[in-house]
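Enquirer: Input: one structure, supplied below.
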Amino acid sequence: MINLKGKVAIVTGAAQGLGKGIAEKLANLEAHVVVSDVNQEGAEITVSEIIEKGGSAEAFLCNVANEEEAKNLVEKTAEKHGKLDILVNNAGINRDAMLHKMNHAQWDAVIGVNLTGVFNTMHPASNIMRKQESGRIINISSASWLGNIGQANYAAAKAGVVGITKTAARELGRKNITVNAICPGFIDTDMTRGVPEKVWDLMVSKIPMGRAGKPEDVANCIAFLSSDQASYINGEVINVGGGMVL
Ligand code: NAD
């Protein structure tokens with residue numbers, strides 16, 4: 001049975017969707033969760049729902065693309081609680097367009113949040129975790145890192161997340177810190193609900209399990225990677241997609 005009692009966790013992009021599901025799961029397992037997002041109101045709603053169910057959480061306004069804000073999120077959390085056990089880099093956006101039509105604003109926005117945002121939190125977190133000689137970092141990549149039409153920016157960022165994950169796993173392993181990435185397949189959140197019905201059906205038809213994933217499906221894997229039972233799993237890239245990528 002997984003229990004995260006006494007652990008302090010940060011989840012970025014936790015006002016809705018996958019991040020919200022991850023925050024709820026970690027809180028349900030008794031971690032104290034710092035629910036961070038650019039959407040403060042959404043983060044506060046997630047926090048109040050966690051507290052209503054008997055969990056422990058606080059909201060923290062942070063745009064991960066901003067170096068100072070990300071540093072502040074990580075350092076203030078560690079100062080307040082005396083440590084940082086779990087960092088889940090979940091915040092992400094998409095600005096899809098075919099490569100020949102993609103503009104620099106679309107490219108920069110996605111790289112800024114989905115890749116630089118991960119560096120922005122991992123950099124201060126690695127300093128803190130190195131000193132305490134323990135920690136778990138879990139980065140949300142995507143099945144799209146293998147390439148996806150209309151997502152050159154998103155795929156490049158998510159492939160970059162795999163690169164930083166594997167590098168950090170090599171650098172931090174000796175300090176008892178594990179770093180892993182999860183590649184969700186097609187999960188039912190606001191990010192995917194916007195696609196036309198035809199595209200939704202096509203995506204689901206490619207999933208051997210015959211359904212889109214739920215935030216809990218991803219959250220369950222993160223709970224395991226955060227736990228003591230996963231202490232020797234390091235540098236892995238785990239698909240959570242019902243077999244969409246095999
Ligand atoms: P979502 O759009 O429902 O939620 C994303 C959250 O991130 C929102 O709360 C948003 O406010 C927040 N956010 C956006 N920019 C931010 C920033 N600069 N700083 C902090 N927070 C920010 O999306 P989702 O489907 O829940 O996706 C979560 C993560 O999972 C993303 O990294 C996404 O790329 C990845 N992912 C999702 C799917 C899927 O099928 N939904 C598949 C693969 C990967």
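Naming works like this for the structure tokens: A, B, ... for the chains as they're shown, residue 1 at the start of each chain, ligands 1 onward in shown order.
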For Ile207 (chain A), work out the shell of residues within 9 Å, counting only C-alpha atoms and skipping chain neighbours fewer than 4 positions away, then give it as a ChimeraX atom specification.
Expert: /A:185-186,203,211-212,241-245
Enquirer: Quick one: contact table of chain A to ligand 1, 8 Å max, nearest atom pair and distance in Å to one decimal per residue, counting only C-alpha atoms and all ligand atoms, chain and number order, as JSON lines?
Expert:
{"residue": "A:Thr12", "atom": "CA", "partner": "ligand 1", "partner_atom_place_in_ligand_line": "21 (N)", "distance": 5.8}
{"residue": "A:Gly13", "atom": "CA", "partner": "ligand 1", "partner_atom_place_in_ligand_line": "7 (O)", "distance": 3.5}
{"residue": "A:Ala14", "atom": "CA", "partner": "ligand 1", "partner_atom_place_in_ligand_line": "9 (O)", "distance": 5.3}
{"residue": "A:Ala15", "atom": "CA", "partner": "ligand 1", "partner_atom_place_in_ligand_line": "9 (O)", "distance": 4.2}
{"residue": "A:Gln16", "atom": "CA", "partner": "ligand 1", "partner_atom_place_in_ligand_line": "9 (O)", "distance": 4.5}
{"residue": "A:Gly17", "atom": "CA", "partner": "ligand 1", "partner_atom_place_in_ligand_line": "26 (O)", "distance": 3.5}
{"residue": "A:Leu18", "atom": "CA", "partner": "ligand 1", "partner_atom_place_in_ligand_line": "26 (O)", "distance": 3.8}
{"residue": "A:Gly19", "atom": "CA", "partner": "ligand 1", "partner_atom_place_in_ligand_line": "26 (O)", "distance": 5.6}
{"residue": "A:Lys20", "atom": "CA", "partner": "ligand 1", "partner_atom_place_in_ligand_line": "26 (O)", "distance": 7.6}
{"residue": "A:Ser36", "atom": "CA", "partner": "ligand 1", "partner_atom_place_in_ligand_line": "20 (C)", "distance": 6.7}
{"residue": "A:Asp37", "atom": "CA", "partner": "ligand 1", "partner_atom_place_in_ligand_line": "21 (N)", "distance": 4.0}
{"residue": "A:Val38", "atom": "CA", "partner": "ligand 1", "partner_atom_place_in_ligand_line": "20 (C)", "distance": 4.6}
{"residue": "A:Asn39", "atom": "CA", "partner": "ligand 1", "partner_atom_place_in_ligand_line": "11 (O)", "distance": 5.0}
{"residue": "A:Gly42", "atom": "CA", "partner": "ligand 1", "partner_atom_place_in_ligand_line": "9 (O)", "distance": 7.1}
{"residue": "A:Ala43", "atom": "CA", "partner": "ligand 1", "partner_atom_place_in_ligand_line": "9 (O)", "distance": 7.7}
{"residue": "A:Leu61", "atom": "CA", "partner": "ligand 1", "partner_atom_place_in_ligand_line": "20 (C)", "distance": 7.9}
{"residue": "A:Cys62", "atom": "CA", "partner": "ligand 1", "partner_atom_place_in_ligand_line": "20 (C)", "distance": 5.6}
{"residue": "A:Asn63", "atom": "CA", "partner": "ligand 1", "partner_atom_place_in_ligand_line": "19 (N)", "distance": 3.5}
{"residue": "A:Val64", "atom": "CA", "partner": "ligand 1", "partner_atom_place_in_ligand_line": "19 (N)", "distance": 4.1}
{"residue": "A:Ala65", "atom": "CA", "partner": "ligand 1", "partner_atom_place_in_ligand_line": "18 (N)", "distance": 5.1}
{"residue": "A:Asn66", "atom": "CA", "partner": "ligand 1", "partner_atom_place_in_ligand_line": "18 (N)", "distance": 7.6}
{"residue": "A:Asn89", "atom": "CA", "partner": "ligand 1", "partner_atom_place_in_ligand_line": "32 (O)", "distance": 7.5}
{"residue": "A:Asn90", "atom": "CA", "partner": "ligand 1", "partner_atom_place_in_ligand_line": "32 (O)", "distance": 4.6}
{"residue": "A:Ala91", "atom": "CA", "partner": "ligand 1", "partner_atom_place_in_ligand_line": "7 (O)", "distance": 4.0}
{"residue": "A:Gly92", "atom": "CA", "partner": "ligand 1", "partner_atom_place_in_ligand_line": "32 (O)", "distance": 3.5}
{"residue": "A:Ile93", "atom": "CA", "partner": "ligand 1", "partner_atom_place_in_ligand_line": "14 (C)", "distance": 5.4}
{"residue": "A:Asn94", "atom": "CA", "partner": "ligand 1", "partner_atom_place_in_ligand_line": "34 (O)", "distance": 7.0}
{"residue": "A:Gly112", "atom": "CA", "partner": "ligand 1", "partner_atom_place_in_ligand_line": "18 (N)", "distance": 7.7}
{"residue": "A:Val113", "atom": "CA", "partner": "ligand 1", "partner_atom_place_in_ligand_line": "18 (N)", "distance": 4.9}
{"residue": "A:Asn114", "atom": "CA", "partner": "ligand 1", "partner_atom_place_in_ligand_line": "32 (O)", "distance": 6.4}
{"residue": "A:Gly117", "atom": "CA", "partner": "ligand 1", "partner_atom_place_in_ligand_line": "18 (N)", "distance": 7.1}
{"residue": "A:Ile140", "atom": "CA", "partner": "ligand 1", "partner_atom_place_in_ligand_line": "32 (O)", "distance": 5.5}
{"residue": "A:Ser141", "atom": "CA", "partner": "ligand 1", "partner_atom_place_in_ligand_line": "44 (C)", "distance": 5.7}
{"residue": "A:Ser142", "atom": "CA", "partner": "ligand 1", "partner_atom_place_in_ligand_line": "43 (C)", "distance": 4.0}
{"residue": "A:Ala143", "atom": "CA", "partner": "ligand 1", "partner_atom_place_in_ligand_line": "43 (C)", "distance": 6.0}
{"residue": "A:Ser144", "atom": "CA", "partner": "ligand 1", "partner_atom_place_in_ligand_line": "43 (C)", "distance": 7.0}
{"residue": "A:Tyr154", "atom": "CA", "partner": "ligand 1", "partner_atom_place_in_ligand_line": "34 (O)", "distance": 7.6}
{"residue": "A:Lys158", "atom": "CA", "partner": "ligand 1", "partner_atom_place_in_ligand_line": "34 (O)", "distance": 7.7}
{"residue": "A:Cys183", "atom": "CA", "partner": "ligand 1", "partner_atom_place_in_ligand_line": "43 (C)", "distance": 6.0}
{"residue": "A:Pro184", "atom": "CA", "partner": "ligand 1", "partner_atom_place_in_ligand_line": "43 (C)", "distance": 4.2}
{"residue": "A:Gly185", "atom": "CA", "partner": "ligand 1", "partner_atom_place_in_ligand_line": "42 (C)", "distance": 5.0}
{"residue": "A:Phe186", "atom": "CA", "partner": "ligand 1", "partner_atom_place_in_ligand_line": "40 (O)", "distance": 3.7}
{"residue": "A:Ile187", "atom": "CA", "partner": "ligand 1", "partner_atom_place_in_ligand_line": "40 (O)", "distance": 3.6}
{"residue": "A:Asp188", "atom": "CA", "partner": "ligand 1", "partner_atom_place_in_ligand_line": "41 (N)", "distance": 5.8}
{"residue": "A:Thr189", "atom": "CA", "partner": "ligand 1", "partner_atom_place_in_ligand_line": "25 (O)", "distance": 4.7}
{"residue": "A:Asp190", "atom": "CA", "partner": "ligand 1", "partner_atom_place_in_ligand_line": "3 (O)", "distance": 4.3}
{"residue": "A:Met191", "atom": "CA", "partner": "ligand 1", "partner_atom_place_in_ligand_line": "2 (O)", "distance": 4.4}
{"residue": "A:Thr192", "atom": "CA", "partner": "ligand 1", "partner_atom_place_in_ligand_line": "41 (N)", "distance": 5.4}
{"residue": "A:Gly213", "atom": "CA", "partner": "ligand 1", "partner_atom_place_in_ligand_line": "40 (O)", "distance": 7.5}
{"residue": "A:Pro215", "atom": "CA", "partner": "ligand 1", "partner_atom_place_in_ligand_line": "26 (O)", "distance": 7.5}
Enquirer: Check region 3-244 of chain A with DSSP on the backbone and list each residue it calls alpha helix (DSSP H), as number ranges by chain.
Expert: A: 17-28, 40-52, 67-81, 104-111, 117-132, 152-172, 190-193, 197-205, 215-226
Enquirer: Can you tell me, as a PyMOL selection string, what residues are no more than 9 Å from Val8 (chain A) when counting only C-alpha atoms, ignoring any on the same chain fewer than 4 positions away?
Expert: chain A and resi 4+31-34+77-78+81+83-87
Enquirer: From the DSSP assignment of the backbone, select every residue of region 98-239 of chain A that is strand (DSSP E), and format the answer as a ChimeraX atom specification.
Expert: /A:135-140,177-184,237-239
